[in-house]
Structures are given as C-alpha cells and as structure tokens.
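Structure data follow from query_6.cif (mmCIF, C-alpha atoms):
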```
data_model
#
loop_
_atom_site.label_atom_id
_atom_site.label_comp_id
_atom_site.auth_asym_id
_atom_site.auth_seq_id
_atom_site.Cartn_x
_atom_site.Cartn_y
_atom_site.Cartn_z
CA MET S 1 -16.48 45.06 -25.56
CA ASN S 2 -18.87 47.63 -24.12
CA ILE S 3 -20.67 45.87 -21.25
CA THR S 4 -23.38 48.53 -21.04
CA LYS S 5 -24.36 48.02 -24.66
CA SER S 6 -24.54 44.23 -24.06
CA ILE S 7 -27.22 44.56 -21.37
CA PRO S 8 -30.20 44.66 -23.80
CA ASN S 9 -28.94 41.57 -25.65
CA THR S 10 -28.56 39.78 -22.30
CA PHE S 11 -32.24 40.45 -21.59
CA THR S 12 -33.10 39.14 -25.06
CA LEU S 13 -31.20 35.91 -24.39
CA LEU S 14 -33.01 35.56 -21.06
CA ASN S 15 -36.25 35.80 -23.04
CA LEU S 16 -35.01 32.95 -25.24
CA LEU S 17 -33.97 30.89 -22.21
CA SER S 18 -37.42 31.34 -20.69
CA GLY S 19 -38.98 30.00 -23.88
CA LEU S 20 -36.68 26.99 -24.04
CA ILE S 21 -37.47 26.00 -20.45
CA ALA S 22 -41.19 26.55 -21.16
CA ILE S 23 -40.97 23.97 -23.96
CA ILE S 24 -39.57 21.42 -21.52
CA CYS S 25 -42.34 22.24 -19.04
CA ILE S 26 -45.05 21.73 -21.66
CA PHE S 27 -43.85 18.25 -22.58
CA ASN S 28 -43.66 17.35 -18.89
CA GLY S 29 -47.22 18.53 -18.30
CA TYR S 30 -46.31 21.59 -16.21
CA TYR S 31 -48.56 24.01 -18.09
CA ASP S 32 -48.69 26.50 -15.22
CA HIS S 33 -44.88 26.67 -15.13
CA ALA S 34 -44.81 27.13 -18.91
CA PHE S 35 -47.30 29.99 -18.62
CA LEU S 36 -45.20 31.74 -15.99
CA LEU S 37 -42.05 31.29 -18.08
CA VAL S 38 -43.72 32.85 -21.11
CA CYS S 39 -44.78 35.78 -18.92
CA LEU S 40 -41.18 36.05 -17.73
CA GLY S 41 -39.92 35.93 -21.32
CA ILE S 42 -42.33 38.72 -22.31
CA PHE S 43 -41.07 40.74 -19.32
CA PHE S 44 -37.50 40.40 -20.62
CA ASP S 45 -38.73 41.22 -24.14
CA PHE S 46 -40.24 44.47 -22.87
CA TRP S 47 -37.10 45.58 -21.11
CA ASP S 48 -34.60 44.68 -23.82
CA GLY S 49 -36.05 47.23 -26.22
CA PHE S 50 -36.54 49.85 -23.52
CA LEU S 51 -32.96 49.46 -22.29
CA ALA S 52 -31.58 49.47 -25.83
CA ARG S 53 -33.17 52.87 -26.40
CA LYS S 54 -32.17 54.30 -23.03
CA LEU S 55 -28.57 53.04 -23.28
CA ASP S 56 -28.26 53.96 -26.95
CA ALA S 57 -27.46 50.31 -27.63
CA GLN S 58 -29.77 49.59 -30.55
CA SER S 59 -28.12 47.46 -33.21
CA ALA S 60 -28.81 45.17 -36.15
CA LEU S 61 -27.63 42.24 -34.01
CA GLY S 62 -30.10 43.16 -31.27
CA LEU S 63 -32.94 43.30 -33.80
CA GLN S 64 -32.16 39.80 -35.09
CA LEU S 65 -31.73 38.38 -31.59
CA ASP S 66 -35.05 39.88 -30.53
CA SER S 67 -36.91 38.25 -33.42
CA LEU S 68 -35.26 34.87 -32.87
CA ALA S 69 -36.02 34.92 -29.14
CA ASP S 70 -39.62 35.97 -29.79
CA MET S 71 -39.97 33.18 -32.33
CA VAL S 72 -39.26 30.63 -29.61
CA THR S 73 -41.01 32.16 -26.59
CA SER S 74 -43.98 33.70 -28.40
CA GLY S 75 -44.17 31.47 -31.47
CA VAL S 76 -42.96 27.92 -30.87
CA VAL S 77 -44.13 27.69 -27.24
CA PRO S 78 -47.82 28.58 -27.86
CA GLY S 79 -47.82 26.31 -30.92
CA LEU S 80 -46.58 23.38 -28.85
CA MET S 81 -49.11 24.22 -26.14
CA MET S 82 -51.92 24.01 -28.69
CA PHE S 83 -50.45 20.72 -29.95
CA LYS S 84 -50.54 19.32 -26.41
CA LEU S 85 -54.09 20.54 -25.81
CA PHE S 86 -55.32 18.75 -28.93
CA ASP S 87 -53.32 15.67 -27.98
CA THR S 88 -54.70 15.67 -24.42
CA ILE S 89 -58.26 15.70 -25.78
CA GLN S 90 -57.53 12.70 -28.00
CA GLN S 91 -55.93 10.85 -25.09
CA ASN S 92 -58.60 11.54 -22.46
CA GLN S 93 -61.97 12.20 -24.09
CA PRO S 94 -63.53 8.93 -25.34
CA GLU S 95 -65.50 10.56 -28.16
CA TYR S 96 -62.28 11.90 -29.67
CA MET S 97 -59.93 8.97 -29.05
CA LEU S 98 -58.27 7.47 -32.10
CA THR S 99 -59.53 4.13 -33.39
CA GLU S 100 -58.75 2.02 -36.44
CA ALA S 101 -61.55 3.87 -38.22
CA THR S 102 -60.42 7.35 -37.16
CA TYR S 103 -56.62 6.96 -37.11
CA TYR S 104 -56.29 9.76 -39.67
CA MET S 105 -57.49 12.22 -37.01
CA GLY S 106 -54.06 11.81 -35.42
CA VAL S 107 -53.01 14.70 -37.65
CA VAL S 108 -55.26 17.12 -35.72
CA PRO S 109 -52.76 18.02 -32.93
CA TYR S 110 -50.28 19.10 -35.60
CA LEU S 111 -52.70 21.87 -36.61
CA GLY S 112 -51.43 23.67 -33.51
CA LEU S 113 -48.15 24.16 -35.35
CA LEU S 114 -49.89 26.63 -37.64
CA ILE S 115 -49.32 29.13 -34.82
CA PRO S 116 -45.49 29.03 -35.04
CA LEU S 117 -45.74 29.30 -38.83
CA ALA S 118 -47.99 32.36 -38.63
CA SER S 119 -45.78 33.83 -35.89
CA CYS S 120 -42.66 33.35 -37.99
CA TYR S 121 -44.26 35.11 -40.94
CA ARG S 122 -45.45 37.94 -38.69
CA LEU S 123 -42.00 38.46 -37.13
CA ALA S 124 -40.21 38.41 -40.48
CA ASN S 125 -42.72 40.85 -41.94
CA PHE S 126 -42.38 43.12 -38.90
CA ASN S 127 -38.62 43.45 -39.50
CA ILE S 128 -39.11 44.76 -43.03
CA ASP S 129 -42.39 46.68 -42.67
CA THR S 130 -41.53 50.36 -42.28
CA ARG S 131 -45.09 51.12 -41.13
CA GLN S 132 -44.49 49.35 -37.81
CA THR S 133 -41.91 51.62 -36.25
CA ASN S 134 -44.27 53.26 -33.71
CA SER S 135 -47.26 50.89 -33.84
CA PHE S 136 -48.17 47.37 -34.94
CA ILE S 137 -49.99 45.91 -37.92
CA GLY S 138 -51.59 42.71 -36.67
CA LEU S 139 -51.47 41.18 -33.19
CA PRO S 140 -47.95 41.15 -31.67
CA THR S 141 -46.62 37.64 -31.01
CA PRO S 142 -46.28 38.15 -27.21
CA ALA S 143 -49.97 39.11 -26.95
CA ASN S 144 -50.92 36.09 -29.04
CA ALA S 145 -48.72 33.84 -26.89
CA LEU S 146 -50.50 35.02 -23.74
CA LEU S 147 -53.86 34.32 -25.39
CA ILE S 148 -52.92 30.71 -26.20
CA MET S 149 -51.07 30.05 -22.95
CA SER S 150 -54.05 31.26 -20.90
CA ILE S 151 -56.28 28.43 -22.19
CA PRO S 152 -55.04 25.68 -19.82
CA MET S 153 -54.77 28.20 -16.97
CA ILE S 154 -58.50 28.94 -16.98
CA GLN S 155 -59.14 25.47 -15.52
CA TYR S 156 -57.67 26.73 -12.24
CA VAL S 157 -60.48 29.30 -11.88
CA ASP S 158 -63.30 27.38 -10.17
CA SER S 159 -66.06 29.83 -11.14
CA TYR S 160 -65.57 29.20 -14.85
CA GLN S 161 -65.73 25.40 -15.18
CA TRP S 162 -68.18 25.82 -18.05
CA LEU S 163 -65.56 27.83 -19.92
CA THR S 164 -62.91 25.17 -19.30
CA ASP S 165 -65.27 22.51 -20.67
CA ALA S 166 -65.90 24.65 -23.75
CA LEU S 167 -62.21 25.31 -24.36
CA TYR S 168 -61.35 21.61 -24.16
CA ASN S 169 -63.36 21.03 -27.31
CA PRO S 170 -61.23 20.37 -30.43
CA TYR S 171 -63.52 22.41 -32.68
CA ILE S 172 -63.22 25.46 -30.44
CA LEU S 173 -59.45 24.99 -30.19
CA LEU S 174 -59.26 24.80 -33.98
CA GLY S 175 -61.26 28.01 -34.23
CA ILE S 176 -58.90 29.72 -31.76
CA THR S 177 -55.89 28.45 -33.73
CA LEU S 178 -57.18 29.81 -37.03
CA LEU S 179 -58.24 33.10 -35.43
CA SER S 180 -54.80 33.40 -33.84
CA CYS S 181 -53.07 32.92 -37.19
CA TYR S 182 -55.35 35.48 -38.81
CA LEU S 183 -54.91 38.13 -36.11
CA LEU S 184 -51.12 37.80 -36.20
CA ASN S 185 -51.01 38.85 -39.84
CA ALA S 186 -54.21 40.86 -40.28
CA GLU S 187 -53.99 44.41 -41.62
CA ILE S 188 -55.30 45.80 -38.33
CA PRO S 189 -53.34 48.79 -36.93
CA LEU S 190 -52.72 48.35 -33.18
CA PHE S 191 -51.07 50.77 -30.80
CA ALA S 192 -47.64 49.79 -29.46
CA LEU S 193 -47.66 48.11 -26.06
CA LYS S 194 -44.01 48.82 -25.26
CA PHE S 195 -43.17 52.02 -23.41
CA LYS S 196 -40.64 54.25 -25.13
CA THR S 197 -40.94 56.62 -22.18
CA PHE S 198 -42.91 56.80 -18.93
CA SER S 199 -43.99 60.37 -19.68
CA TRP S 200 -47.77 60.73 -19.26
CA ASN S 201 -48.14 62.89 -22.38
CA GLU S 202 -46.32 60.39 -24.59
CA ALA S 203 -47.49 57.13 -23.01
CA LYS S 204 -50.94 57.87 -21.60
CA LEU S 205 -52.66 55.33 -23.87
CA GLN S 206 -50.28 52.56 -22.77
CA ILE S 207 -50.57 53.57 -19.10
CA LEU S 208 -54.38 53.64 -19.19
CA PHE S 209 -54.46 50.29 -20.96
CA MET S 210 -52.12 48.84 -18.33
CA ILE S 211 -54.51 50.00 -15.60
CA PHE S 212 -57.42 48.49 -17.53
CA ALA S 213 -55.56 45.18 -17.86
CA ILE S 214 -54.64 45.04 -14.15
CA ALA S 215 -58.25 45.75 -13.18
CA LEU S 216 -59.50 42.89 -15.36
CA LEU S 217 -56.89 40.52 -13.92
CA LEU S 218 -57.97 41.37 -10.37
CA LEU S 219 -61.62 40.79 -11.26
CA PHE S 220 -61.45 37.73 -13.49
CA ASN S 221 -58.06 36.10 -12.88
CA PHE S 222 -56.82 34.09 -15.90
CA VAL S 223 -60.15 34.55 -17.70
CA ALA S 224 -59.15 38.21 -18.01
CA ILE S 225 -56.35 37.46 -20.50
CA PRO S 226 -58.59 36.82 -23.54
CA LEU S 227 -60.68 39.84 -22.48
CA ILE S 228 -57.53 41.99 -22.35
CA ILE S 229 -56.49 40.88 -25.85
CA LEU S 230 -59.99 41.59 -27.15
CA GLY S 231 -59.92 44.96 -25.41
CA TYR S 232 -56.52 45.75 -26.92
CA ILE S 233 -57.80 45.11 -30.43
CA SER S 234 -61.07 46.99 -29.83
CA ILE S 235 -59.39 50.05 -28.27
CA SER S 236 -56.89 50.16 -31.15
CA ILE S 237 -59.69 50.15 -33.72
CA ILE S 238 -61.53 52.93 -31.86
CA VAL S 239 -58.36 55.03 -31.54
CA ASN S 240 -57.62 54.57 -35.24
CA GLN S 241 -61.11 55.76 -36.15
CA PHE S 242 -60.69 58.92 -34.05
CA GLU S 243 -57.26 59.62 -35.54
CA LYS S 244 -58.67 59.37 -39.06
CA LYS S 245 -61.18 62.07 -38.17
#
```
Could the structure of this file be written out as structure tokens, please?
Amino acid sequence: MNITKSIPNTFTLLNLLSGLIAIICIFNGYYDHAFLLVCLGIFFDFWDGFLARKLDAQSALGLQLDSLADMVTSGVVPGLMMFKLFDTIQQNQPEYMLTEATYYMGVVPYLGLLIPLASCYRLANFNIDTRQTNSFIGLPTPANALLIMSIPMIQYVDSYQWLTDALYNPYILLGITLLSCYLLNAEIPLFALKFKTFSWNEAKLQILFMIFAIALLLLFNFVAIPLIILGYISISIIVNQFEKK
C-alpha cells in the first residue's frame, strides 16, 4: 500500500467525519458547532483534490469517496439544518404552532430534505457530466451548504436583528430551500473554486475572488456568506459573457 497515495483519501474521510459530527451537533442544538464542522469539512474537501493532483494520486475510488463525503457534509447536513429551522419555528412561534386544525402542517419541516435530494442529483450528475472538468454547471454543494448553514449564524450578529427575524419566517425559509435546489442543478456555468495551482496567471480569478470574500467577511461577519454566494454567481455570469465575446 502506497501511503502517499492514501493521503488524499484520508482528507476525504476527514470531510465525511466532520459531516457526521455536524449532524449530531444539529440535533443537540449546537448550530454554531455544526457550522464550524461544515467549514472544516469543506477545508478537507478542498485539499483532498489538490493533494490528489499534486501527489498523482487521483483514482476512481477517490472520486467516489469524494462524492459520498460531500453528500453527507454538503448535502445531508444543510438539509437537516433546514429541517431543524422549520421545526424550531413551529415549536417556538405561536402563530405557526401545530394545533388540531393545522396538524397537517407538521409536514413542513420535511421540505428541508429537498436540499439533500437536490444535492444528491447534483453530485451524481457532476460525476458523469464531461463539461464540468474545469468549471461547474450549477452551484457546487459546498457553496450551497455554507449558504444554508449561515442562516442560524446570522443571529449572532447584533447589527442585523431585522435580518434574523426575516430569516426565521417559514415562507422565507421555503423560498431559500427552493432557490437552493434550483441553483444546485441550474444550467449556470460557474468558475471552479478549487485551486489547481497557486500560479497567478492560472488562478488569478480564484485568488481575486478569495480576497473579495475575505473582505466581505471582515466587513459583514456571517451576513457576508450569502453575499459571497451571490457574488460568486454574479461574477461567473459576467466572466462567461466576456468569454463569449
């Protein structure tokens, strides 16, 4: 067994482990811990591919492991988070609490599970879509996971209480869920976020976007995450228009 070639798969399994622990945190109400674990899982997801290329350790096994790990950390975890957000609203907001007349609304939290379904379809399609070797078609699951996981984190930013109040509205959460599912599988070309090299000429778009993202995080804290995702989509559309010309 070549230990060097096993390093990328080890990082992939650490991504999976992060997602599994995040699930436990969600059901114990530790949303901040779950958010950090998803970030950690995405960190491992970034490095597994980079190391596989650098160590010449790319393999069919690594590809399958990567998709399975992403399905948990970036698919199941955000879906369960959305489930818990819907459920929390029904448990704590009187106007949305279940009664004998509205018992059927108990199905609403399960709408959050549309996110894992859409993520699963996106990951499976990614593995067979030959157009997505150097870029993405549709929002990558890690970016979508950060979008969903940032929702409960915004409550910790005191300056944006109005935004927290808005996000803890079931209709807005349903809109975010449906938008999330659409973006995951939309025919929107997006530039790759992973670095194949740290060369400025080959990775300047990724480097500049990373600087843009860090600046937003410093300015707006957790509120920056949805802005970063929106910026990622917008910049990709603009770049695609220029490339067509």
Nearby residues (only C-alpha atoms) at most 7 Å from segment 183-191 of chain S, same-chain spacing under 3 positions excluded, as a PyMOL selection string: chain S and resi 118-119+122+135-141+179-180+233+236
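Atom pair atom CA of Leu16 of chain S / atom CA of Leu147 of chain S has a distance of 18.9 Å (rounded to one decimal).
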Shell around segment 108-115 of chain S at 6 Å using only C-alpha atoms, local window under 6 positions removed, as a VMD selection string: chain S and resid 79 82 to 83 86 to 87 181
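Here atom CA of Ala192 of chain S and atom CA of Tyr31 of chain S stand 28.2 Å from one another.
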Contacts of segment 17-29 of chain S at 6 Å (all atoms listed in the file; same-chain gap of 5+ positions) as a ChimeraX atom specification: /S:34,37,41,72-73,77
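Those residues returned by the PyMOL selection byres ((chain S and resi 160-174) around 8) for this file are Met82, Leu85, Phe86, Ile89, Leu111, Gly112, Ile151, Pro152, Ile154, Gln155, Val157, Asp158, Ser159, Gly175, Ile176, Thr177 and Leu178 of chain S.
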C-alpha atoms of the current selection, written as a compact mmCIF listing (two decimals), keeping the file's coordinate frame:
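The new file out_31.txt reads:
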```
# COMPACT_ATOMS: atom_id res chain seq x y z
CA MET S 82 -51.92 24.01 -28.69
CA LEU S 85 -54.09 20.54 -25.81
CA PHE S 86 -55.32 18.75 -28.93
CA ILE S 89 -58.26 15.70 -25.78
CA LEU S 111 -52.70 21.87 -36.61
CA GLY S 112 -51.43 23.67 -33.51
CA ILE S 151 -56.28 28.43 -22.19
CA PRO S 152 -55.04 25.68 -19.82
CA ILE S 154 -58.50 28.94 -16.98
CA GLN S 155 -59.14 25.47 -15.52
CA VAL S 157 -60.48 29.30 -11.88
CA ASP S 158 -63.30 27.38 -10.17
CA SER S 159 -66.06 29.83 -11.14
CA GLY S 175 -61.26 28.01 -34.23
CA ILE S 176 -58.90 29.72 -31.76
CA THR S 177 -55.89 28.45 -33.73
CA LEU S 178 -57.18 29.81 -37.03
```
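For the pair atom CA of Met81 of chain S and atom CA of His33 of chain S, the interatomic distance is 12.0 Å.
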